[in-house]
Each structure stands twice: as C-alpha cells, then as structure tokens.
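Asker: Next comes run15.pdb, PDB, C-alpha atoms:
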ATOM      1  CA  MET W1302       0.000   0.000   0.000  1.00  0.00           C
ATOM      2  CA  ARG W1303       2.829   2.379   0.846  1.00  0.00           C
ATOM      3  CA  GLU W1304       4.462   1.786  -2.525  1.00  0.00           C
ATOM      4  CA  LEU W1305       1.174   2.477  -4.300  1.00  0.00           C
ATOM      5  CA  PHE W1306       0.731   5.675  -2.299  1.00  0.00           C
ATOM      6  CA  GLN W1307       4.187   6.919  -3.264  1.00  0.00           C
ATOM      7  CA  GLN W1308       3.391   6.158  -6.877  1.00  0.00           C
ATOM      8  CA  GLU W1309       0.225   8.250  -6.614  1.00  0.00           C
ATOM      9  CA  LEU W1310       2.185  11.139  -5.146  1.00  0.00           C
ATOM     10  CA  ALA W1311       4.728  10.885  -7.955  1.00  0.00           C
ATOM     11  CA  GLU W1312       1.915  10.995 -10.496  1.00  0.00           C
ATOM     12  CA  LEU W1313       0.528  14.133  -8.863  1.00  0.00           C
ATOM     13  CA  LYS W1314       3.921  15.779  -9.215  1.00  0.00           C
ATOM     14  CA  ASP W1315       4.229  14.752 -12.872  1.00  0.00           C
ATOM     15  CA  ASP W1316       0.749  16.064 -13.653  1.00  0.00           C
ATOM     16  CA  LEU W1317       1.535  19.351 -11.926  1.00  0.00           C
ATOM     17  CA  VAL W1318       4.673  19.732 -14.046  1.00  0.00           C
ATOM     18  CA  ASP W1319       2.643  19.032 -17.199  1.00  0.00           C
ATOM     19  CA  ILE W1320       0.167  21.766 -16.304  1.00  0.00           C
ATOM     20  CA  ALA W1321       2.994  24.201 -15.562  1.00  0.00           C
ATOM     21  CA  GLN W1322       4.502  23.464 -18.973  1.00  0.00           C
ATOM     22  CA  SER W1323       1.140  24.168 -20.607  1.00  0.00           C
ATOM     23  CA  VAL W1324       0.946  27.472 -18.747  1.00  0.00           C
ATOM     24  CA  GLU W1325       4.460  28.398 -19.877  1.00  0.00           C
ATOM     25  CA  SER W1326       3.498  27.641 -23.473  1.00  0.00           C
ATOM     26  CA  ALA W1327       0.246  29.605 -23.181  1.00  0.00           C
ATOM     27  CA  MET W1328       1.952  32.724 -21.860  1.00  0.00           C
ATOM     28  CA  SER W1329       4.745  32.492 -24.420  1.00  0.00           C
ATOM     29  CA  ARG W1330       2.214  32.395 -27.250  1.00  0.00           C
ATOM     30  CA  ALA W1331       0.004  35.046 -25.646  1.00  0.00           C
ATOM     31  CA  VAL W1332       2.930  37.455 -25.319  1.00  0.00           C
ATOM     32  CA  GLU W1333       3.881  36.861 -28.942  1.00  0.00           C
ATOM     33  CA  ALA W1334       0.285  37.457 -30.040  1.00  0.00           C
ATOM     34  CA  PHE W1335       0.168  40.641 -27.958  1.00  0.00           C
ATOM     35  CA  ASN W1336       3.474  42.023 -29.222  1.00  0.00           C
ATOM     36  CA  LYS W1337       2.884  41.156 -32.885  1.00  0.00           C
ATOM     37  CA  SER W1338      -0.892  41.620 -32.995  1.00  0.00           C
ATOM     38  CA  ASP W1339      -1.200  38.022 -34.229  1.00  0.00           C
ATOM     39  CA  VAL W1340      -4.929  37.333 -34.074  1.00  0.00           C
ATOM     40  CA  GLN W1341      -4.639  33.686 -35.161  1.00  0.00           C
ATOM     41  CA  LEU W1342      -2.181  32.914 -32.385  1.00  0.00           C
ATOM     42  CA  ALA W1343      -4.370  34.800 -29.925  1.00  0.00           C
ATOM     43  CA  GLU W1344      -7.369  32.701 -30.911  1.00  0.00           C
ATOM     44  CA  GLU W1345      -5.370  29.521 -30.344  1.00  0.00           C
ATOM     45  CA  VAL W1346      -4.399  30.580 -26.821  1.00  0.00           C
ATOM     46  CA  ILE W1347      -7.987  31.488 -25.967  1.00  0.00           C
ATOM     47  CA  ALA W1348      -9.386  28.268 -27.426  1.00  0.00           C
ATOM     48  CA  GLN W1349      -6.916  26.074 -25.548  1.00  0.00           C
ATOM     49  CA  ASP W1350      -7.375  27.681 -22.119  1.00  0.00           C
ATOM     50  CA  HIS W1351     -10.020  25.100 -21.231  1.00  0.00           C
ATOM     51  CA  MET W1352      -7.388  22.369 -21.557  1.00  0.00           C
ATOM     52  CA  ILE W1353      -5.489  23.844 -18.610  1.00  0.00           C
ATOM     53  CA  ASP W1354      -8.730  24.229 -16.661  1.00  0.00           C
ATOM     54  CA  ASP W1355      -9.687  20.611 -17.319  1.00  0.00           C
ATOM     55  CA  ALA W1356      -6.241  19.347 -16.333  1.00  0.00           C
ATOM     56  CA  VAL W1357      -6.384  21.320 -13.081  1.00  0.00           C
ATOM     57  CA  LYS W1358      -9.845  19.983 -12.291  1.00  0.00           C
ATOM     58  CA  GLU W1359      -8.699  16.401 -12.854  1.00  0.00           C
ATOM     59  CA  LEU W1360      -5.594  16.926 -10.717  1.00  0.00           C
ATOM     60  CA  ASP W1361      -7.663  18.411  -7.892  1.00  0.00           C
ATOM     61  CA  GLU W1362     -10.040  15.457  -7.983  1.00  0.00           C
ATOM     62  CA  GLN W1363      -7.096  13.054  -7.782  1.00  0.00           C
ATOM     63  CA  SER W1364      -5.651  14.994  -4.840  1.00  0.00           C
ATOM     64  CA  ILE W1365      -8.947  14.966  -2.948  1.00  0.00           C
ATOM     65  CA  ALA W1366      -9.332  11.243  -3.602  1.00  0.00           C
ATOM     66  CA  ILE W1367      -5.872  10.616  -2.134  1.00  0.00           C
ATOM     67  CA  LEU W1368      -6.745  12.656   0.952  1.00  0.00           C
ATOM     68  CA  ALA W1369      -9.932  10.649   1.437  1.00  0.00           C
ATOM     69  CA  ARG W1370      -8.415   7.248   0.743  1.00  0.00           C
ATOM     70  CA  GLN W1371      -4.930   7.501   2.265  1.00  0.00           C
ATOM     71  CA  SER W1372      -5.322  10.075   5.081  1.00  0.00           C
ATOM     72  CA  PRO W1373      -1.706  11.238   4.647  1.00  0.00           C
ATOM     73  CA  VAL W1374       0.202  12.935   7.455  1.00  0.00           C
ATOM     74  CA  ALA W1375       3.313  15.098   7.884  1.00  0.00           C
ATOM     75  CA  GLY W1376       5.308  15.590   4.669  1.00  0.00           C
ATOM     76  CA  ASP W1377       2.915  13.582   2.518  1.00  0.00           C
ATOM     77  CA  LEU W1378      -0.009  15.698   3.671  1.00  0.00           C
ATOM     78  CA  ARG W1379       1.944  18.870   2.907  1.00  0.00           C
ATOM     79  CA  GLN W1380       2.609  17.611  -0.603  1.00  0.00           C
ATOM     80  CA  VAL W1381      -1.052  16.930  -1.368  1.00  0.00           C
ATOM     81  CA  ILE W1382      -2.248  20.219   0.135  1.00  0.00           C
ATOM     82  CA  SER W1383       0.466  22.121  -1.706  1.00  0.00           C
ATOM     83  CA  THR W1384      -0.568  20.437  -4.943  1.00  0.00           C
ATOM     84  CA  LEU W1385      -4.099  21.752  -4.524  1.00  0.00           C
ATOM     85  CA  ARG W1386      -2.843  25.266  -3.802  1.00  0.00           C
ATOM     86  CA  ILE W1387      -0.341  25.270  -6.647  1.00  0.00           C
ATOM     87  CA  SER W1388      -2.870  23.978  -9.162  1.00  0.00           C
ATOM     88  CA  ALA W1389      -5.145  26.909  -8.313  1.00  0.00           C
ATOM     89  CA  SER W1390      -2.318  29.351  -9.061  1.00  0.00           C
ATOM     90  CA  LEU W1391      -1.496  27.590 -12.325  1.00  0.00           C
ATOM     91  CA  GLU W1392      -5.119  27.754 -13.428  1.00  0.00           C
ATOM     92  CA  ARG W1393      -5.168  31.484 -12.766  1.00  0.00           C
ATOM     93  CA  MET W1394      -1.902  31.931 -14.663  1.00  0.00           C
ATOM     94  CA  GLY W1395      -3.491  30.183 -17.627  1.00  0.00           C
ATOM     95  CA  ASP W1396      -6.462  32.535 -17.381  1.00  0.00           C
ATOM     96  CA  LEU W1397      -4.155  35.553 -17.375  1.00  0.00           C
ATOM     97  CA  ALA W1398      -2.405  34.302 -20.511  1.00  0.00           C
ATOM     98  CA  SER W1399      -5.831  34.003 -22.122  1.00  0.00           C
ATOM     99  CA  HIS W1400      -6.687  37.556 -21.034  1.00  0.00           C
ATOM    100  CA  MET W1401      -3.531  38.840 -22.743  1.00  0.00           C
ATOM    101  CA  ALA W1402      -4.522  37.006 -25.917  1.00  0.00           C
ATOM    102  CA  GLN W1403      -8.027  38.465 -25.727  1.00  0.00           C
ATOM    103  CA  LEU W1404      -6.611  41.982 -25.665  1.00  0.00           C
ATOM    104  CA  ALA W1405      -4.603  41.212 -28.799  1.00  0.00           C
ATOM    105  CA  ARG W1406      -7.721  39.839 -30.491  1.00  0.00           C
ATOM    106  CA  TYR W1407      -9.951  42.756 -29.542  1.00  0.00           C
ATOM    107  CA  ARG W1408      -7.554  45.402 -30.887  1.00  0.00           C
ATOM    108  CA  PHE W1409      -6.534  43.563 -34.061  1.00  0.00           C
ATOM    109  CA  PRO W1410      -5.168  44.745 -36.485  1.00  0.00           C
ATOM    110  CA  GLU W1411      -3.811  47.470 -34.205  1.00  0.00           C
ATOM    111  CA  LYS W1412      -1.303  46.736 -31.458  1.00  0.00           C
ATOM    112  CA  VAL W1413      -2.563  47.062 -27.905  1.00  0.00           C
ATOM    113  CA  ALA W1414       0.380  48.958 -26.442  1.00  0.00           C
ATOM    114  CA  PRO W1415       1.258  52.453 -27.682  1.00  0.00           C
ATOM    115  CA  LYS W1416       4.619  52.651 -29.429  1.00  0.00           C
ATOM    116  CA  GLY W1417       6.335  54.492 -26.591  1.00  0.00           C
ATOM    117  CA  ILE W1418       5.785  51.730 -24.005  1.00  0.00           C
ATOM    118  CA  ARG W1419       6.033  48.656 -26.222  1.00  0.00           C
ATOM    119  CA  PRO W1420       9.594  47.927 -25.035  1.00  0.00           C
ATOM    120  CA  THR W1421       8.288  47.873 -21.452  1.00  0.00           C
ATOM    121  CA  PHE W1422       5.633  45.324 -22.333  1.00  0.00           C
ATOM    122  CA  LYS W1423       8.138  43.237 -24.258  1.00  0.00           C
ATOM    123  CA  GLU W1424      10.380  43.102 -21.195  1.00  0.00           C
ATOM    124  CA  MET W1425       7.487  42.294 -18.873  1.00  0.00           C
ATOM    125  CA  GLY W1426       6.342  39.517 -21.186  1.00  0.00           C
ATOM    126  CA  SER W1427       9.849  38.074 -21.428  1.00  0.00           C
ATOM    127  CA  LEU W1428      10.191  38.119 -17.649  1.00  0.00           C
ATOM    128  CA  ASP W1429       6.848  36.359 -17.205  1.00  0.00           C
ATOM    129  CA  ILE W1430       7.851  33.656 -19.665  1.00  0.00           C
ATOM    130  CA  GLU W1431      11.165  33.206 -17.866  1.00  0.00           C
ATOM    131  CA  MET W1432       9.364  32.944 -14.523  1.00  0.00           C
ATOM    132  CA  ALA W1433       6.969  30.364 -15.955  1.00  0.00           C
ATOM    133  CA  GLY W1434       9.946  28.295 -17.075  1.00  0.00           C
ATOM    134  CA  LEU W1435      11.476  28.557 -13.618  1.00  0.00           C
ATOM    135  CA  VAL W1436       8.197  27.372 -12.082  1.00  0.00           C
ATOM    136  CA  VAL W1437       8.428  24.237 -14.231  1.00  0.00           C
ATOM    137  CA  LYS W1438      11.983  23.631 -13.064  1.00  0.00           C
ATOM    138  CA  LEU W1439      11.001  24.313  -9.469  1.00  0.00           C
ATOM    139  CA  LEU W1440       8.203  21.760  -9.574  1.00  0.00           C
ATOM    140  CA  GLU W1441      10.546  19.205 -11.110  1.00  0.00           C
ATOM    141  CA  ASN W1442      13.377  19.803  -8.650  1.00  0.00           C
ATOM    142  CA  PRO W1443      12.544  22.058  -5.676  1.00  0.00           C
ATOM    143  CA  SER W1444      15.381  24.476  -4.952  1.00  0.00           C
ATOM    144  CA  GLU W1445      15.716  27.604  -2.842  1.00  0.00           C
ATOM    145  CA  GLN W1446      18.012  29.024  -5.520  1.00  0.00           C
ATOM    146  CA  ILE W1447      15.194  28.910  -8.080  1.00  0.00           C
ATOM    147  CA  ILE W1448      12.793  30.378  -5.528  1.00  0.00           C
ATOM    148  CA  ASN W1449      15.124  33.349  -5.102  1.00  0.00           C
ATOM    149  CA  GLN W1450      15.456  33.744  -8.879  1.00  0.00           C
ATOM    150  CA  ILE W1451      11.680  33.955  -9.213  1.00  0.00           C
ATOM    151  CA  ARG W1452      11.476  36.582  -6.483  1.00  0.00           C
ATOM    152  CA  ASP W1453      14.202  38.688  -8.111  1.00  0.00           C
ATOM    153  CA  LEU W1454      12.420  38.603 -11.482  1.00  0.00           C
ATOM    154  CA  ASP W1455       9.155  39.549  -9.805  1.00  0.00           C
ATOM    155  CA  ASP W1456      10.789  42.645  -8.334  1.00  0.00           C
ATOM    156  CA  ARG W1457      11.655  43.789 -11.856  1.00  0.00           C
ATOM    157  CA  VAL W1458       8.134  43.059 -13.132  1.00  0.00           C
ATOM    158  CA  ASP W1459       6.743  45.171 -10.291  1.00  0.00           C
ATOM    159  CA  GLU W1460       9.043  48.051 -11.254  1.00  0.00           C
ATOM    160  CA  LEU W1461       7.906  47.904 -14.873  1.00  0.00           C
ATOM    161  CA  HIS W1462       4.259  47.677 -13.812  1.00  0.00           C
ATOM    162  CA  VAL W1463       4.625  50.899 -11.812  1.00  0.00           C
ATOM    163  CA  SER W1464       6.348  52.599 -14.759  1.00  0.00           C
ATOM    164  CA  VAL W1465       3.426  51.729 -17.054  1.00  0.00           C
ATOM    165  CA  PHE W1466       0.965  53.322 -14.615  1.00  0.00           C
ATOM    166  CA  GLU W1467       3.122  56.430 -14.297  1.00  0.00           C
ATOM    167  CA  THR W1468       3.355  56.740 -18.081  1.00  0.00           C
ATOM    168  CA  VAL W1469      -0.311  56.272 -18.978  1.00  0.00           C
ATOM    169  CA  LEU W1470      -1.482  58.565 -16.174  1.00  0.00           C
ATOM    170  CA  SER W1471       0.939  61.348 -17.010  1.00  0.00           C
ATOM    171  CA  GLU W1472      -0.247  64.531 -18.698  1.00  0.00           C
ATOM    172  CA  GLU W1473       2.208  63.936 -21.531  1.00  0.00           C
ATOM    173  CA  PHE W1474       0.550  60.660 -22.501  1.00  0.00           C
ATOM    174  CA  GLY W1475      -1.457  61.574 -25.554  1.00  0.00           C
ATOM    175  CA  SER W1476      -3.441  58.390 -26.219  1.00  0.00           C
ATOM    176  CA  GLY W1477      -7.184  58.049 -25.689  1.00  0.00           C
ATOM    177  CA  THR W1478      -9.119  56.412 -22.890  1.00  0.00           C
ATOM    178  CA  ALA W1479      -9.386  53.010 -24.601  1.00  0.00           C
ATOM    179  CA  THR W1480      -5.607  52.829 -25.000  1.00  0.00           C
ATOM    180  CA  VAL W1481      -5.056  53.786 -21.367  1.00  0.00           C
ATOM    181  CA  VAL W1482      -7.478  51.088 -20.220  1.00  0.00           C
ATOM    182  CA  ASP W1483      -5.917  48.431 -22.462  1.00  0.00           C
ATOM    183  CA  ALA W1484      -2.367  49.263 -21.367  1.00  0.00           C
ATOM    184  CA  THR W1485      -3.400  49.277 -17.717  1.00  0.00           C
ATOM    185  CA  LEU W1486      -5.124  45.904 -18.028  1.00  0.00           C
ATOM    186  CA  ALA W1487      -2.232  44.337 -19.910  1.00  0.00           C
ATOM    187  CA  SER W1488       0.258  45.527 -17.327  1.00  0.00           C
ATOM    188  CA  ARG W1489      -1.944  44.242 -14.528  1.00  0.00           C
ATOM    189  CA  TYR W1490      -2.285  40.816 -16.160  1.00  0.00           C
ATOM    190  CA  LEU W1491       1.483  40.496 -16.543  1.00  0.00           C
ATOM    191  CA  GLU W1492       2.081  41.663 -12.977  1.00  0.00           C
ATOM    192  CA  ARG W1493      -0.461  39.233 -11.550  1.00  0.00           C
ATOM    193  CA  PHE W1494       1.020  36.352 -13.564  1.00  0.00           C
ATOM    194  CA  ALA W1495       4.361  37.056 -11.906  1.00  0.00           C
ATOM    195  CA  ASP W1496       2.669  37.272  -8.497  1.00  0.00           C
ATOM    196  CA  HIS W1497       1.239  33.785  -8.925  1.00  0.00           C
ATOM    197  CA  ALA W1498       4.680  32.470  -9.857  1.00  0.00           C
ATOM    198  CA  VAL W1499       5.966  33.900  -6.576  1.00  0.00           C
ATOM    199  CA  SER W1500       3.013  32.383  -4.748  1.00  0.00           C
ATOM    200  CA  ILE W1501       3.911  28.955  -6.143  1.00  0.00           C
ATOM    201  CA  SER W1502       7.544  29.420  -5.151  1.00  0.00           C
ATOM    202  CA  LYS W1503       6.492  30.131  -1.561  1.00  0.00           C
ATOM    203  CA  LYS W1504       4.317  27.031  -1.521  1.00  0.00           C
ATOM    204  CA  ILE W1505       7.322  24.998  -2.639  1.00  0.00           C
ATOM    205  CA  LEU W1506       9.327  26.605   0.160  1.00  0.00           C
ATOM    206  CA  TYR W1507       6.603  25.343   2.508  1.00  0.00           C
ATOM    207  CA  LEU W1508       7.166  21.854   1.124  1.00  0.00           C
ATOM    208  CA  LEU W1509      10.900  22.155   1.709  1.00  0.00           C
ATOM    209  CA  THR W1510      10.758  23.652   5.202  1.00  0.00           C
ATOM    210  CA  GLY W1511       7.272  22.966   6.584  1.00  0.00           C
ATOM    211  CA  GLU W1512       6.916  26.673   7.390  1.00  0.00           C
ATOM    212  CA  TRP W1513       3.981  28.531   5.843  1.00  0.00           C
ATOM    213  CA  ASP W1514       4.369  32.154   4.715  1.00  0.00           C
ATOM    214  CA  PRO W1515       0.888  33.767   4.684  1.00  0.00           C
ATOM    215  CA  ASP W1516       2.154  36.570   2.464  1.00  0.00           C
ATOM    216  CA  GLY W1517       2.763  34.006  -0.257  1.00  0.00           C
ATOM    217  CA  ASP W1518      -0.885  33.012  -0.621  1.00  0.00           C
ATOM    218  CA  GLU W1519      -1.948  35.053  -3.647  1.00  0.00           C
TER
END
Represent the structure contained in this file as structure tokens.
Answerer:
Amino acid sequence: MRELFQQELAELKDDLVDIAQSVESAMSRAVEAFNKSDVQLAEEVIAQDHMIDDAVKELDEQSIAILARQSPVAGDLRQVISTLRISASLERMGDLASHMAQLARYRFPEKVAPKGIRPTFKEMGSLDIEMAGLVVKLLENPSEQIINQIRDLDDRVDELHVSVFETVLSEEFGSGTATVVDATLASRYLERFADHAVSISKKILYLLTGEWDPDGDE
C-alpha cells in the first residue's frame, strides 16, 4: 500500500509539471500574439485555455481522492495540500495568458500597447515567460536558488508595472481612454502572472521547510 501511495504522489507531481509546462506555453504564445498583434495565435491561446482548466480539475479530484483514501500525514499531507494550492495558481496563470490574448484579439489589427511603451511590455512579457519556465523547473526539482530567482524577477516586473501606470497617467501621454485602459489591463495581467509564480515558489518553500508564509498566498 505504501508503494502504491508513493506512486500516486509521484503521479501528482508529474501532472503538476505538465500543467505548468502548458501554462508556460500559453503565456509564451500570448505574449507573442500581444506584441505582434497576431490574431490567429491569440485565438489559439484562448481556445486552448479550457485544456489547462480541465487538467487542473482532474488533478484536484485526484488529490482529494488521495486525501480521502490515504489520510496522509506530515510531509505527505503537505505535498497533497500544496498540490491543490499550486494547481489553483497555475489555473489562474493560464487565465491571465488568455486575457492577454483576448486583448490582442480585440484590438486587431492594431497593437494594444502604444509605441512608446512597447519595449516595457516586451520586457514584462519576457520576464513572465522566464518565470513560468522557472516554475516548471522548481516543480521538477525544488530548490531555494530557483525560488530566489523567481522573487528577483518579480521585483523587476513590479518596477515595470509601476512605470506603465506612471506613463499612462501622465499629462504627456497623448493616447485616448481606450488605449489607457488596455495598457493598464495588460500591465496588470502580466504583474499578476508574476505574483502567482511567486506564490507557487512560496508554496514549494513550505514543502521544503514545513513553514507557511501567509504573504505568499496570492
């Protein structure tokens, strides 16, 4: 029975990694669609979002079944509970990628971001994609070094997010209301994506140390 239980836990981990890889792919394609105003790519991201949702739902059901059947304790219990928490963050990250793609679709054939702040959005998107890749690595092989990398990247995303707000709210910003709203939403989506990556990293730290950081529950 113990061997079977460990196999079930290993399968949970593998499934979580698969979902994280799907999220990384979704954000990578969403950022490309956003930057290039690629409506076809945007449609693909939007259409495939349900696949992440379905995978998360199935993983959650498996986790709950393990809790009911095995009644795990100590480290095993932490792993199952963390899986449920992490899957929720991954689902939201997938949603945020879809939101970015929706902005690209709505404004096609125009680009969402005004020319003056496009480099900022390109950097934010690149950082989010990098963080998503680090989340995959972190789920495969938990490491405090990767956790710190994610936090450092998030600090930069936060800085860029603030700079977008300062730009679009400045008197010198000459674009209309719709552009301001779109830029604000896009920046918020990218910032929240990074926040969820940090949240996952703190949940992994909980797995490693057994200490829960309430500030990490996004």
Asker: Rounded to one decimal place, report the atom CA of W:Ile1320-atom CA of W:Asp1339 distance in Å.
Answerer: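 Between atom CA of W:Ile1320 and atom CA of W:Asp1339 the gap is 24.2 Å.
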Asker: Taking the file as shown, what set of residues would the PyMOL selection byres ((chain W and resi 1443) around 9) give back, as a ChimeraX atom specification?
Answerer: /W:1438-1442,1444-1448,1502,1505-1506,1508-1509
Asker: Skipping near chain neighbours, those fewer than 4 positions away, what residues fall within 12 Å of W:His1400 using only C-alpha atoms, listed as a list in words?
Answerer: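 In the requested format, the answer is Ala1327, Met1328, Ala1331, Val1332, Ala1334, Phe1335, Ala1343, Glu1344, Val1346, Ile1347, Ala1348, Asp1350, Arg1393, Met1394, Gly1395, Asp1396, Leu1404, Ala1405, Arg1406, Tyr1407, Asp1483, Leu1486, Ala1487, Ser1488, Arg1489, Tyr1490, Leu1491, Arg1493 and Phe1494 of chain W.
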Asker: Take the residues from that selection and write them out as a PDB file, keeping the file's coordinate frame, keeping C-alpha atoms.
Answerer:
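Everything below was put into result_29.pdb:
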ATOM      1  CA  ALA W1327       0.246  29.605 -23.181  1.00  0.00           C
ATOM      2  CA  MET W1328       1.952  32.724 -21.860  1.00  0.00           C
ATOM      3  CA  ALA W1331       0.004  35.046 -25.646  1.00  0.00           C
ATOM      4  CA  VAL W1332       2.930  37.455 -25.319  1.00  0.00           C
ATOM      5  CA  ALA W1334       0.285  37.457 -30.040  1.00  0.00           C
ATOM      6  CA  PHE W1335       0.168  40.641 -27.958  1.00  0.00           C
ATOM      7  CA  ALA W1343      -4.370  34.800 -29.925  1.00  0.00           C
ATOM      8  CA  GLU W1344      -7.369  32.701 -30.911  1.00  0.00           C
ATOM      9  CA  VAL W1346      -4.399  30.580 -26.821  1.00  0.00           C
ATOM     10  CA  ILE W1347      -7.987  31.488 -25.967  1.00  0.00           C
ATOM     11  CA  ALA W1348      -9.386  28.268 -27.426  1.00  0.00           C
ATOM     12  CA  ASP W1350      -7.375  27.681 -22.119  1.00  0.00           C
ATOM     13  CA  ARG W1393      -5.168  31.484 -12.766  1.00  0.00           C
ATOM     14  CA  MET W1394      -1.902  31.931 -14.663  1.00  0.00           C
ATOM     15  CA  GLY W1395      -3.491  30.183 -17.627  1.00  0.00           C
ATOM     16  CA  ASP W1396      -6.462  32.535 -17.381  1.00  0.00           C
ATOM     17  CA  LEU W1404      -6.611  41.982 -25.665  1.00  0.00           C
ATOM     18  CA  ALA W1405      -4.603  41.212 -28.799  1.00  0.00           C
ATOM     19  CA  ARG W1406      -7.721  39.839 -30.491  1.00  0.00           C
ATOM     20  CA  TYR W1407      -9.951  42.756 -29.542  1.00  0.00           C
ATOM     21  CA  ASP W1483      -5.917  48.431 -22.462  1.00  0.00           C
ATOM     22  CA  LEU W1486      -5.124  45.904 -18.028  1.00  0.00           C
ATOM     23  CA  ALA W1487      -2.232  44.337 -19.910  1.00  0.00           C
ATOM     24  CA  SER W1488       0.258  45.527 -17.327  1.00  0.00           C
ATOM     25  CA  ARG W1489      -1.944  44.242 -14.528  1.00  0.00           C
ATOM     26  CA  TYR W1490      -2.285  40.816 -16.160  1.00  0.00           C
ATOM     27  CA  LEU W1491       1.483  40.496 -16.543  1.00  0.00           C
ATOM     28  CA  ARG W1493      -0.461  39.233 -11.550  1.00  0.00           C
ATOM     29  CA  PHE W1494       1.020  36.352 -13.564  1.00  0.00           C
TER      30      PHE W1494
END
Asker: Rounded to one decimal in Å, what is the spacing between atom CA of W:Ala1495 and atom CA of W:Glu1473?
Answerer: 28.6 Å
Asker: Would you list the contacts of W:Thr1485 as a list of chain:residue names, taking every protein, DNA or RNA residue within 9 Å and counting all atoms listed in the file, but skipping same-chain residues closer than 4 positions in sequence?
Answerer: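 Selected residues are W:His1462, W:Val1465, W:Phe1466, W:Val1469, W:Thr1480, W:Val1481, W:Arg1489, W:Tyr1490.
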Asker: Using Å and a single decimal, report how far atom CA of W:Met1401 sits from atom CA of W:Met1425.
Answerer: 12.2 Å
Asker: Could you name the residues that touch W:Leu1454 at 8 Å or less, counting only C-alpha atoms, but leaving out those on the same chain fewer than 3 positions away, as number ranges by chain?
Answerer: W: 1428, 1432, 1450-1451, 1457-1458
Asker: So, counting only C-alpha atoms, which residue among W:Gln1322, W:Asn1336, W:Gln1341, W:Ser1329 is closest to W:Pro1420?
Answerer: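 The closest residue to W:Pro1420 is W:Asn1336.
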Asker: Using all atoms listed in the file, which of the listed residues (W:Ala1321, W:Ala1402, W:Leu1313, W:Val1437) sits closest to W:Asp1361?
Answerer: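 For W:Asp1361, the nearest of the candidates is W:Leu1313.
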Asker: Quick one: apply the PyMOL selection byres ((chain W and resi 1380-1391) around 9) to the file and drop the selected residues here as a PyMOL selection string.
Answerer: chain W and resi 1310+1313-1314+1317+1320-1321+1324+1353+1357-1358+1360-1361+1364-1365+1367-1368+1373+1375-1379+1392-1396+1494+1497-1498+1500-1501+1504-1505+1507-1508+1518-1519
Asker: Please report, as AutoDock Vina command-line options, the centre and edge lengths in Å to one decimal of an axis-aligned box covering all listed atoms of stretch 1329-1347 of chain W with 6 Å per side.
Answerer:
--center_x -1.6 --center_y 35.8 --center_z -29.8 --size_x 24.7 --size_y 24.5 --size_z 22.7
Asker: Any chance you could build stretch 1480-1485 of chain W out to all heavy atoms and write it as a compact mmCIF listing (two decimals), in the frame of the given file?
Answerer:
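Output file part-v1.txt follows:
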# COMPACT_ATOMS: atom_id res chain seq x y z
N THR W 1480 -7.01 53.24 -25.03
CA THR W 1480 -5.61 52.83 -25.00
C THR W 1480 -5.09 52.78 -23.58
O THR W 1480 -4.35 51.86 -23.20
CB THR W 1480 -4.75 53.80 -25.83
OG1 THR W 1480 -5.21 53.79 -27.18
CG2 THR W 1480 -3.28 53.38 -25.80
N VAL W 1481 -5.47 53.77 -22.77
CA VAL W 1481 -5.06 53.79 -21.37
C VAL W 1481 -5.59 52.56 -20.64
O VAL W 1481 -4.87 51.90 -19.88
CB VAL W 1481 -5.55 55.07 -20.67
CG1 VAL W 1481 -5.32 54.98 -19.16
CG2 VAL W 1481 -4.84 56.29 -21.24
N VAL W 1482 -6.86 52.24 -20.87
CA VAL W 1482 -7.48 51.09 -20.22
C VAL W 1482 -6.79 49.80 -20.65
O VAL W 1482 -6.46 48.93 -19.82
CB VAL W 1482 -8.98 51.02 -20.53
CG1 VAL W 1482 -9.58 49.70 -20.03
CG2 VAL W 1482 -9.71 52.20 -19.89
N ASP W 1483 -6.56 49.65 -21.95
CA ASP W 1483 -5.92 48.43 -22.46
C ASP W 1483 -4.51 48.26 -21.89
O ASP W 1483 -4.13 47.16 -21.47
CB ASP W 1483 -5.84 48.48 -23.99
CG ASP W 1483 -7.18 48.25 -24.65
OD1 ASP W 1483 -8.12 47.84 -23.96
OD2 ASP W 1483 -7.28 48.49 -25.87
N ALA W 1484 -3.74 49.34 -21.88
CA ALA W 1484 -2.37 49.26 -21.37
C ALA W 1484 -2.37 48.94 -19.88
O ALA W 1484 -1.54 48.15 -19.41
CB ALA W 1484 -1.64 50.58 -21.63
N THR W 1485 -3.31 49.53 -19.15
CA THR W 1485 -3.40 49.28 -17.72
C THR W 1485 -3.77 47.82 -17.45
O THR W 1485 -3.17 47.17 -16.57
CB THR W 1485 -4.45 50.20 -17.07
OG1 THR W 1485 -4.08 51.56 -17.30
CG2 THR W 1485 -4.54 49.96 -15.58
